[in-house]
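Asker: So that you have it, the file is target15.txt, and it contains compact mmCIF, C-alpha atoms:
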# COMPACT_ATOMS: atom_id res chain seq x y z
CA MET A 22 -5.50 -153.20 -52.45
CA ASN A 23 -1.78 -153.29 -53.20
CA LEU A 24 -0.02 -155.58 -50.74
CA LEU A 25 3.75 -155.44 -50.81
CA ASN A 26 5.94 -158.38 -49.75
CA LEU A 27 8.56 -156.21 -48.06
CA PHE A 28 9.50 -158.36 -45.11
CA SER A 29 9.70 -162.10 -44.60
CA ARG A 30 10.13 -163.79 -41.23
CA SER A 31 10.91 -167.45 -40.75
CA ASP A 32 11.95 -169.61 -37.80
CA THR A 33 14.14 -171.64 -40.15
CA LYS A 34 17.05 -170.65 -42.31
CA GLN A 35 15.20 -171.74 -45.43
CA GLN A 36 14.18 -168.79 -47.60
CA ALA A 37 10.40 -168.48 -47.92
CA THR A 38 8.95 -168.39 -51.42
CA LYS A 39 7.21 -165.26 -52.63
CA SER A 40 3.77 -166.85 -52.24
CA GLU A 41 4.58 -168.04 -48.72
CA ALA A 42 6.13 -164.82 -47.46
CA PRO A 43 3.85 -162.89 -45.07
CA THR A 44 2.50 -159.57 -46.34
CA HIS A 45 2.70 -157.03 -43.56
CA TRP A 46 2.57 -153.76 -45.45
CA ILE A 47 -0.04 -151.95 -47.49
CA LYS A 48 0.61 -149.10 -49.89
CA CYS A 49 -2.15 -146.49 -50.11
CA LYS A 50 -3.20 -145.86 -53.71
CA SER A 51 -3.87 -142.22 -52.93
CA CYS A 52 -1.00 -140.88 -50.80
CA GLN A 53 1.43 -143.74 -51.55
CA SER A 54 2.17 -144.18 -47.83
CA LEU A 55 3.34 -147.56 -46.57
CA MET A 56 1.40 -148.74 -43.54
CA TYR A 57 1.38 -151.81 -41.33
CA TYR A 58 -1.65 -153.84 -42.42
CA LYS A 59 -2.99 -154.21 -38.86
CA GLU A 60 -3.10 -150.44 -38.53
CA VAL A 61 -5.23 -150.19 -41.68
CA GLU A 62 -7.38 -153.17 -40.70
CA ASN A 63 -8.15 -151.55 -37.33
CA GLN A 64 -9.32 -148.46 -39.21
CA ASN A 65 -11.74 -150.57 -41.33
CA TYR A 66 -9.36 -150.28 -44.29
CA VAL A 67 -9.37 -146.49 -44.29
CA CYS A 68 -5.92 -144.97 -44.75
CA PRO A 69 -4.94 -143.32 -41.44
CA LYS A 70 -2.72 -140.87 -43.31
CA CYS A 71 -5.09 -139.43 -45.94
CA GLY A 72 -8.51 -141.03 -45.33
CA PHE A 73 -8.54 -142.97 -48.60
CA HIS A 74 -11.10 -145.80 -48.51
CA LEU A 75 -9.60 -149.06 -49.72
CA ARG A 76 -11.95 -151.60 -51.28
CA ILE A 77 -13.22 -154.27 -48.92
CA GLY A 78 -15.05 -157.57 -49.40
CA VAL A 79 -18.41 -158.83 -48.23
CA LYS A 80 -17.00 -160.40 -45.07
CA GLU A 81 -15.43 -157.13 -43.95
CA ARG A 82 -18.53 -155.18 -44.96
CA LEU A 83 -20.82 -157.36 -42.86
CA ALA A 84 -18.47 -157.19 -39.88
CA LEU A 85 -18.46 -153.41 -40.20
CA LEU A 86 -22.22 -152.87 -40.41
CA VAL A 87 -24.11 -155.78 -38.88
CA ASP A 88 -24.63 -156.57 -35.20
CA GLU A 89 -22.63 -159.67 -34.40
CA GLY A 90 -24.48 -162.93 -34.98
CA THR A 91 -27.60 -161.33 -36.48
CA PHE A 92 -27.04 -161.75 -40.21
CA VAL A 93 -29.09 -164.53 -41.80
CA GLU A 94 -28.38 -165.16 -45.48
CA PHE A 95 -31.10 -166.07 -47.97
CA ASP A 96 -30.98 -167.55 -51.48
CA GLU A 97 -27.31 -168.49 -51.22
CA LYS A 98 -27.88 -171.53 -53.45
CA LEU A 99 -29.12 -169.52 -56.43
CA LYS A 100 -26.58 -169.92 -59.23
CA PRO A 101 -26.26 -168.30 -62.68
CA VAL A 102 -26.83 -170.36 -65.80
CA ASP A 103 -25.58 -169.86 -69.35
CA PRO A 104 -28.70 -169.46 -71.53
CA LEU A 105 -26.76 -167.95 -74.46
CA LYS A 106 -23.81 -170.38 -74.38
CA PHE A 107 -21.68 -167.24 -74.35
CA VAL A 108 -17.97 -167.41 -75.16
CA ASP A 109 -15.49 -164.54 -75.41
CA LYS A 110 -11.87 -165.33 -74.52
CA ILE A 111 -13.23 -168.14 -72.39
CA SER A 112 -16.73 -169.49 -71.85
CA TYR A 113 -19.21 -167.92 -69.44
CA VAL A 114 -19.36 -171.23 -67.57
CA LYS A 115 -15.62 -171.01 -66.99
CA ARG A 116 -15.91 -167.42 -65.78
CA ILE A 117 -18.58 -168.46 -63.30
CA GLU A 118 -16.31 -171.23 -62.04
CA GLU A 119 -13.47 -168.74 -61.62
CA GLY A 120 -15.78 -166.34 -59.77
CA VAL A 121 -16.88 -169.08 -57.39
CA LYS A 122 -13.27 -170.09 -56.76
CA LYS A 123 -12.16 -166.51 -56.16
CA SER A 124 -15.07 -165.36 -53.97
CA GLY A 125 -16.26 -168.58 -52.37
CA ARG A 126 -19.87 -167.82 -53.34
CA SER A 127 -22.11 -168.53 -56.31
CA SER A 128 -23.05 -164.99 -57.33
CA SER A 129 -21.94 -161.39 -56.90
CA VAL A 130 -24.72 -160.60 -54.41
CA VAL A 131 -25.16 -161.63 -50.79
CA SER A 132 -28.63 -160.93 -49.41
CA GLY A 133 -30.20 -161.49 -46.03
CA GLU A 134 -31.72 -159.95 -42.94
CA CYS A 135 -29.88 -158.47 -39.99
CA LYS A 136 -29.87 -155.97 -37.16
CA ILE A 137 -27.92 -152.72 -37.37
CA ASN A 138 -27.52 -151.26 -33.88
CA GLY A 139 -30.62 -153.23 -32.96
CA VAL A 140 -32.69 -152.04 -35.94
CA ASP A 141 -34.09 -154.79 -38.19
CA ALA A 142 -33.30 -154.46 -41.90
CA GLN A 143 -32.98 -156.35 -45.16
CA LEU A 144 -29.46 -156.07 -46.52
CA VAL A 145 -28.00 -156.69 -49.99
CA VAL A 146 -24.22 -156.50 -50.47
CA PHE A 147 -22.37 -156.73 -53.80
CA ASP A 148 -19.14 -158.72 -53.98
CA PHE A 149 -16.76 -157.13 -56.48
CA SER A 150 -14.51 -160.20 -56.45
CA PHE A 151 -17.17 -162.20 -58.30
CA MET A 152 -16.93 -161.05 -61.92
CA GLY A 153 -16.51 -157.42 -60.92
CA GLY A 154 -19.78 -157.39 -58.98
CA SER A 155 -21.65 -157.53 -62.29
CA LEU A 156 -25.44 -157.63 -62.40
CA GLY A 157 -26.98 -160.79 -63.84
CA SER A 158 -30.29 -162.59 -63.58
CA VAL A 159 -29.42 -164.22 -60.23
CA GLU A 160 -28.35 -160.92 -58.71
CA GLY A 161 -31.56 -159.23 -59.89
CA GLU A 162 -33.66 -162.06 -58.46
CA LYS A 163 -31.93 -161.81 -55.08
CA ILE A 164 -32.63 -158.07 -54.94
CA VAL A 165 -36.31 -158.57 -55.79
CA ARG A 166 -36.65 -161.26 -53.14
CA ALA A 167 -35.04 -158.93 -50.60
CA VAL A 168 -37.60 -156.27 -51.52
CA ASN A 169 -40.42 -158.78 -51.04
CA ARG A 170 -39.08 -159.77 -47.61
CA ALA A 171 -38.86 -156.11 -46.63
CA ILE A 172 -42.52 -155.63 -47.57
CA GLU A 173 -43.60 -158.81 -45.79
CA LYS A 174 -41.75 -157.93 -42.57
CA ARG A 175 -42.25 -154.14 -42.76
CA GLU A 176 -38.53 -153.43 -42.71
CA GLY A 177 -36.21 -151.05 -44.49
CA LEU A 178 -33.93 -152.18 -47.32
CA ILE A 179 -30.25 -151.35 -47.74
CA ILE A 180 -28.31 -152.16 -50.91
CA ILE A 181 -24.54 -151.69 -50.88
CA SER A 182 -23.31 -151.50 -54.46
CA ALA A 183 -19.84 -152.31 -55.77
CA SER A 184 -20.19 -153.18 -59.43
CA GLY A 185 -18.88 -152.65 -62.92
CA GLY A 186 -22.42 -152.82 -64.31
CA ALA A 187 -24.64 -155.28 -66.16
CA ARG A 188 -23.08 -158.64 -67.04
CA MET A 189 -22.41 -158.77 -70.77
CA GLN A 190 -22.33 -162.59 -70.83
CA GLU A 191 -26.10 -162.60 -70.17
CA SER A 192 -26.87 -159.83 -72.68
CA THR A 193 -30.56 -158.86 -72.59
CA PHE A 194 -31.16 -161.10 -69.57
CA SER A 195 -28.89 -158.89 -67.48
CA LEU A 196 -30.31 -155.65 -68.90
CA MET A 197 -33.79 -156.80 -67.92
CA GLN A 198 -32.66 -156.80 -64.28
CA MET A 199 -32.44 -153.02 -64.39
CA SER A 200 -36.19 -152.67 -64.97
CA LYS A 201 -37.03 -155.69 -62.82
CA THR A 202 -35.28 -154.29 -59.73
CA SER A 203 -36.58 -150.76 -60.38
CA ALA A 204 -40.16 -152.04 -60.54
CA ALA A 205 -39.68 -153.96 -57.29
CA LEU A 206 -38.36 -150.83 -55.56
CA ALA A 207 -41.40 -148.89 -56.75
CA LYS A 208 -43.53 -151.50 -55.00
CA LEU A 209 -41.46 -150.96 -51.85
CA ALA A 210 -42.12 -147.23 -52.08
CA ASN A 211 -45.87 -147.88 -52.44
CA HIS A 212 -45.72 -149.61 -49.05
CA ASN A 213 -44.00 -146.55 -47.53
CA LEU A 214 -40.87 -148.51 -46.64
CA PRO A 215 -37.43 -146.91 -46.83
CA TYR A 216 -34.72 -147.88 -49.29
CA ILE A 217 -31.19 -146.66 -48.57
CA SER A 218 -28.62 -147.03 -51.34
CA VAL A 219 -24.93 -147.07 -50.41
CA LEU A 220 -22.53 -146.48 -53.30
CA THR A 221 -18.98 -147.77 -52.87
CA ASP A 222 -15.99 -147.84 -55.18
CA PRO A 223 -16.85 -148.54 -57.96
CA THR A 224 -20.55 -148.27 -58.81
CA MET A 225 -20.82 -148.09 -62.57
CA GLY A 226 -22.84 -149.02 -65.68
CA GLY A 227 -26.28 -150.58 -65.44
CA VAL A 228 -26.16 -150.75 -61.65
CA SER A 229 -25.68 -146.98 -61.32
CA ALA A 230 -28.34 -146.46 -64.00
CA SER A 231 -30.98 -148.41 -62.09
CA PHE A 232 -31.49 -149.37 -58.44
CA ALA A 233 -28.25 -147.82 -57.10
CA THR A 234 -29.52 -144.29 -57.78
CA LEU A 235 -33.16 -144.89 -56.84
CA GLY A 236 -32.69 -144.77 -53.08
CA ASP A 237 -34.86 -142.62 -50.86
CA ILE A 238 -31.48 -141.65 -49.46
CA ILE A 239 -28.29 -142.18 -51.46
CA ILE A 240 -25.07 -142.43 -49.48
CA ALA A 241 -21.59 -142.65 -51.00
CA GLU A 242 -18.28 -143.56 -49.44
CA PRO A 243 -15.55 -140.91 -49.78
CA GLY A 244 -13.76 -141.03 -53.11
CA ALA A 245 -16.03 -143.69 -54.60
CA LEU A 246 -16.11 -143.87 -58.41
CA ILE A 247 -19.74 -143.55 -59.49
CA GLY A 248 -21.10 -143.23 -63.02
CA PHE A 249 -22.36 -144.95 -66.14
CA ALA A 250 -19.60 -144.87 -68.77
CA GLY A 251 -15.92 -144.36 -67.97
CA GLN A 252 -14.36 -140.91 -68.11
CA ARG A 253 -12.19 -141.70 -71.14
CA VAL A 254 -15.21 -142.93 -73.13
CA ILE A 255 -17.16 -139.79 -72.27
CA GLU A 256 -14.28 -137.49 -73.20
CA GLN A 257 -13.86 -139.25 -76.54
CA THR A 258 -17.60 -138.97 -77.18
CA ILE A 259 -18.02 -135.28 -76.34
CA GLY A 260 -14.59 -134.25 -77.62
CA SER A 261 -13.52 -132.30 -74.55
CA SER A 262 -11.96 -132.77 -71.14
CA LEU A 263 -13.98 -133.34 -67.98
CA PRO A 264 -13.40 -131.51 -64.66
CA ASP A 265 -11.11 -132.92 -61.98
CA GLY A 266 -12.82 -135.41 -59.70
CA PHE A 267 -15.58 -136.06 -62.21
CA GLN A 268 -17.61 -139.14 -61.17
CA ARG A 269 -16.18 -139.13 -57.65
CA ALA A 270 -18.49 -139.08 -54.64
CA GLU A 271 -17.64 -135.53 -53.56
CA PHE A 272 -18.27 -134.11 -57.03
CA LEU A 273 -21.65 -135.87 -57.20
CA LEU A 274 -22.56 -134.56 -53.75
CA GLU A 275 -21.78 -131.03 -54.91
CA LYS A 276 -24.00 -131.51 -57.97
CA GLY A 277 -26.86 -133.05 -55.97
CA SER A 278 -26.62 -136.60 -57.34
CA VAL A 279 -26.02 -138.13 -53.91
CA ASP A 280 -27.40 -137.04 -50.55
CA MET A 281 -24.50 -137.78 -48.23
CA VAL A 282 -20.83 -138.77 -48.30
CA VAL A 283 -20.19 -140.78 -45.15
CA ASN A 284 -16.91 -142.07 -43.78
CA ARG A 285 -16.88 -145.86 -43.50
CA ASN A 286 -16.26 -145.67 -39.76
CA GLU A 287 -19.49 -143.70 -39.31
CA LEU A 288 -21.65 -145.68 -41.74
CA LYS A 289 -23.21 -148.14 -39.30
CA ASN A 290 -24.51 -145.42 -36.97
CA THR A 291 -25.71 -143.37 -39.93
CA LEU A 292 -27.69 -146.29 -41.35
CA SER A 293 -29.32 -147.20 -38.03
CA ASP A 294 -30.24 -143.55 -37.40
CA LEU A 295 -31.82 -143.21 -40.85
CA LEU A 296 -33.74 -146.49 -40.55
CA THR A 297 -35.09 -145.39 -37.17
CA LEU A 298 -36.01 -141.95 -38.53
CA LEU A 299 -37.75 -143.33 -41.62
CA LYS A 300 -39.45 -146.27 -39.90
CA VAL A 301 -43.20 -146.25 -40.50
Represent the structure of the file as structure tokens.
Answerer:
Amino acid sequence: MNLLNLFSRSDTKQQATKSEAPTHWIKCKSCQSLMYYKEVENQNYVCPKCGFHLRIGVKERLALLVDEGTFVEFDEKLKPVDPLKFVDKISYVKRIEEGVKKSGRSSSVVSGECKINGVDAQLVVFDFSFMGGSLGSVEGEKIVRAVNRAIEKREGLIIISASGGARMQESTFSLMQMSKTSAALAKLANHNLPYISVLTDPTMGGVSASFATLGDIIIAEPGALIGFAGQRVIEQTIGSSLPDGFQRAEFLLEKGSVDMVVNRNELKNTLSDLLTLLKV
């Protein structure tokens, strides 16, 4: 989200610093329109001019989907470790610390149980602000535990993905989460319980190559970037250009890779209707 410090109001004559100045305007990345932030906030961060879906965090996502006061978080104390003592520009430990400071949570996944329009469900939400929503061993474990709770309580499971893929700082440990979560979802299917996957911008890499595309029903938000490798990498590999809109939700819907593209403002009702329809 690109917030522009266009106006600054102060009751004193002292000039506010750039960091202190209030940010009242948002510029849409798609149509480049400038909008008052309250107007966009009231539309659940969907551009009222062109319908572009701005990225939102876990807090906004829960407020959008979950009945007030019904979300109960589990496993919030699970924290990643550094088994490989990995260092690139900085150490993995430092990156974890930065992720915690930026997001206020210890991993890129929030999992729990809730009601959606009165329908009980297990819910997993990725937080892109924590290391790009990357998939590590803690995130995989939280998903598996959510699956187990869904089986125990005979409830549907919803996973809302927003991720750059598997976390390179955990190497094979993170790649193992792809098979671990896929195996858990197979167990959920054996119990005839529904799994709805919601793909938001972006859903890439090892996340898109595993549980994100294994849903009984796969829903995407409009304009979401969904794929494995980036478009530039693919074009360099195959030596030719890709069609316009490649890896966007609407293109994948046309090609049958997702089942529905649902506006954010209609997502809550869609999820509750599907959970009710698929309830065993």
Asker: Near A:Ser129, within 7 Å and counting all atoms listed in the file, which residues show up once chain neighbours fewer than 6 positions away are dropped, as a list in words?
Answerer: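 Here the qualifying residues turn out to be Phe147, Asp148, Phe149, Phe151, Gly154, Ser155 and Glu160 of chain A.
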Asker: So which residues touch stretch 103-116 of chain A within 10 Å, counting only C-alpha atoms, skipping near sequence neighbours fewer than 5 positions away, as a PyMOL selection string?
Answerer: chain A and resi 121-122+151-152+189-192+194
Asker: Please list as a PyMOL selection string every residue within 12 Å of stretch 230-234 of chain A, counting only C-alpha atoms and excluding residues in the same chain fewer than 4 positions away.
Answerer: chain A and resi 145-147+156+160-161+164-165+168+178-187+195-207+216-221+223-226+238-241+247-250+273+277-280
Asker: For the selection you just gave me, I'd like the residues written to a file as an mmCIF file, in the coordinates of the input, keeping C-alpha atoms.
Answerer:
data_model
loop_
_atom_site.group_PDB
_atom_site.id
_atom_site.type_symbol
_atom_site.label_atom_id
_atom_site.label_comp_id
_atom_site.auth_asym_id
_atom_site.auth_seq_id
_atom_site.Cartn_x
_atom_site.Cartn_y
_atom_site.Cartn_z
ATOM 1 C CA VAL A 145 -28.000 -156.690 -49.990
ATOM 2 C CA VAL A 146 -24.220 -156.500 -50.470
ATOM 3 C CA PHE A 147 -22.370 -156.730 -53.800
ATOM 4 C CA LEU A 156 -25.440 -157.630 -62.400
ATOM 5 C CA GLU A 160 -28.350 -160.920 -58.710
ATOM 6 C CA GLY A 161 -31.560 -159.230 -59.890
ATOM 7 C CA ILE A 164 -32.630 -158.070 -54.940
ATOM 8 C CA VAL A 165 -36.310 -158.570 -55.790
ATOM 9 C CA VAL A 168 -37.600 -156.270 -51.520
ATOM 10 C CA LEU A 178 -33.930 -152.180 -47.320
ATOM 11 C CA ILE A 179 -30.250 -151.350 -47.740
ATOM 12 C CA ILE A 180 -28.310 -152.160 -50.910
ATOM 13 C CA ILE A 181 -24.540 -151.690 -50.880
ATOM 14 C CA SER A 182 -23.310 -151.500 -54.460
ATOM 15 C CA ALA A 183 -19.840 -152.310 -55.770
ATOM 16 C CA SER A 184 -20.190 -153.180 -59.430
ATOM 17 C CA GLY A 185 -18.880 -152.650 -62.920
ATOM 18 C CA GLY A 186 -22.420 -152.820 -64.310
ATOM 19 C CA ALA A 187 -24.640 -155.280 -66.160
ATOM 20 C CA SER A 195 -28.890 -158.890 -67.480
ATOM 21 C CA LEU A 196 -30.310 -155.650 -68.900
ATOM 22 C CA MET A 197 -33.790 -156.800 -67.920
ATOM 23 C CA GLN A 198 -32.660 -156.800 -64.280
ATOM 24 C CA MET A 199 -32.440 -153.020 -64.390
ATOM 25 C CA SER A 200 -36.190 -152.670 -64.970
ATOM 26 C CA LYS A 201 -37.030 -155.690 -62.820
ATOM 27 C CA THR A 202 -35.280 -154.290 -59.730
ATOM 28 C CA SER A 203 -36.580 -150.760 -60.380
ATOM 29 C CA ALA A 204 -40.160 -152.040 -60.540
ATOM 30 C CA ALA A 205 -39.680 -153.960 -57.290
ATOM 31 C CA LEU A 206 -38.360 -150.830 -55.560
ATOM 32 C CA ALA A 207 -41.400 -148.890 -56.750
ATOM 33 C CA TYR A 216 -34.720 -147.880 -49.290
ATOM 34 C CA ILE A 217 -31.190 -146.660 -48.570
ATOM 35 C CA SER A 218 -28.620 -147.030 -51.340
ATOM 36 C CA VAL A 219 -24.930 -147.070 -50.410
ATOM 37 C CA LEU A 220 -22.530 -146.480 -53.300
ATOM 38 C CA THR A 221 -18.980 -147.770 -52.870
ATOM 39 C CA PRO A 223 -16.850 -148.540 -57.960
ATOM 40 C CA THR A 224 -20.550 -148.270 -58.810
ATOM 41 C CA MET A 225 -20.820 -148.090 -62.570
ATOM 42 C CA GLY A 226 -22.840 -149.020 -65.680
ATOM 43 C CA ILE A 238 -31.480 -141.650 -49.460
ATOM 44 C CA ILE A 239 -28.290 -142.180 -51.460
ATOM 45 C CA ILE A 240 -25.070 -142.430 -49.480
ATOM 46 C CA ALA A 241 -21.590 -142.650 -51.000
ATOM 47 C CA ILE A 247 -19.740 -143.550 -59.490
ATOM 48 C CA GLY A 248 -21.100 -143.230 -63.020
ATOM 49 C CA PHE A 249 -22.360 -144.950 -66.140
ATOM 50 C CA ALA A 250 -19.600 -144.870 -68.770
ATOM 51 C CA LEU A 273 -21.650 -135.870 -57.200
ATOM 52 C CA GLY A 277 -26.860 -133.050 -55.970
ATOM 53 C CA SER A 278 -26.620 -136.600 -57.340
ATOM 54 C CA VAL A 279 -26.020 -138.130 -53.910
ATOM 55 C CA ASP A 280 -27.400 -137.040 -50.550
#
Asker: Have a look at A:Gly244, A:Pro101, A:Gly90, A:Pro215 and name the one nearest to A:Arg188; count only C-alpha atoms.
Answerer: A:Pro101
Asker: Suppose you want the space between atom CA of A:Thr91 and atom CA of A:Lys136; what is it in Å?
Answerer: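 Pair atom CA of A:Thr91 / atom CA of A:Lys136 returns 5.9 Å.
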Asker: So how many Å separate atom CA of A:Tyr57 and atom CA of A:Asn286, to one decimal?
Answerer: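 Those two atoms sit 18.7 Å apart.
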Asker: Taking all atoms listed in the file into account, name the residue in A:Leu214, A:Ile47, A:Leu288, A:Val61 that is nearest to A:Leu83.
Answerer: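 So, comparing all the options, the nearest one is A:Leu288.
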Asker: I'd like the box whose edges run along x, y and z of the file and which contains every listed atom of stretch 53-63 of chain A, padded by 4 Å per side; could you state its centre and edge lengths in Å, one decimal, as lines of an AutoDock Vina configuration file?
Answerer:
center_x = -2.4
center_y = -149.0
center_z = -44.4
size_x = 19.5
size_y = 18.5
size_z = 22.2
Asker: Looking at A:Asp141, A:Gly260, A:Ala245, A:Lys208, which one is nearest to A:Arg76, with distances taken over only C-alpha atoms?
Answerer: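 Counting only C-alpha atoms, the residue closest to A:Arg76 is A:Ala245.
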Asker: If you measure from atom CA of A:Ser128 to atom CA of A:Gly157, what distance in Å do you get, rounded to one decimal?
Answerer: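 Between these atoms lies a distance of 8.7 Å.
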Asker: Any idea what's packed within 12 Å of A:Phe95, counting all atoms listed in the file, ignoring anything in its chain fewer than 6 positions away? Could you give it as a PyMOL selection string?
Answerer: chain A and resi 130-135+143-145+162-164+166-167+170
Asker: Give the answer as one residue: which of A:Lys50, A:Lys98, A:Arg175, A:Arg126 has the shortest atom-to-atom distance to A:Lys70, using all atoms listed in the file?
Answerer: A:Lys50
Asker: Here is a test: counting all atoms listed in the file, which residue of A:Gly125, A:Gly236, A:Gly72, A:Gly177 is nearest to A:Met281?
Answerer: A:Gly236
Asker: Save stretch 117-129 of chain A of the structure in the block above to a file, with C-alpha atoms included, as a tab-separated table (two decimals), in the first residue's frame.
Answerer:
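Output contents, as saved in out.tsv:
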chain	number	residue	atom	x	y	z
A	117	ILE	CA	13.17	-13.59	12.80
A	118	GLU	CA	13.64	-10.74	15.25
A	119	GLU	CA	12.84	-8.22	12.52
A	120	GLY	CA	9.74	-10.20	11.54
A	121	VAL	CA	8.51	-10.25	15.12
A	122	LYS	CA	9.11	-6.51	15.46
A	123	LYS	CA	7.34	-5.73	12.19
A	124	SER	CA	4.32	-8.04	12.59
A	125	GLY	CA	3.97	-8.33	16.35
A	126	ARG	CA	3.78	-12.13	16.12
A	127	SER	CA	6.25	-15.01	16.18
A	128	SER	CA	5.52	-16.62	12.82
A	129	SER	CA	3.90	-15.89	9.46
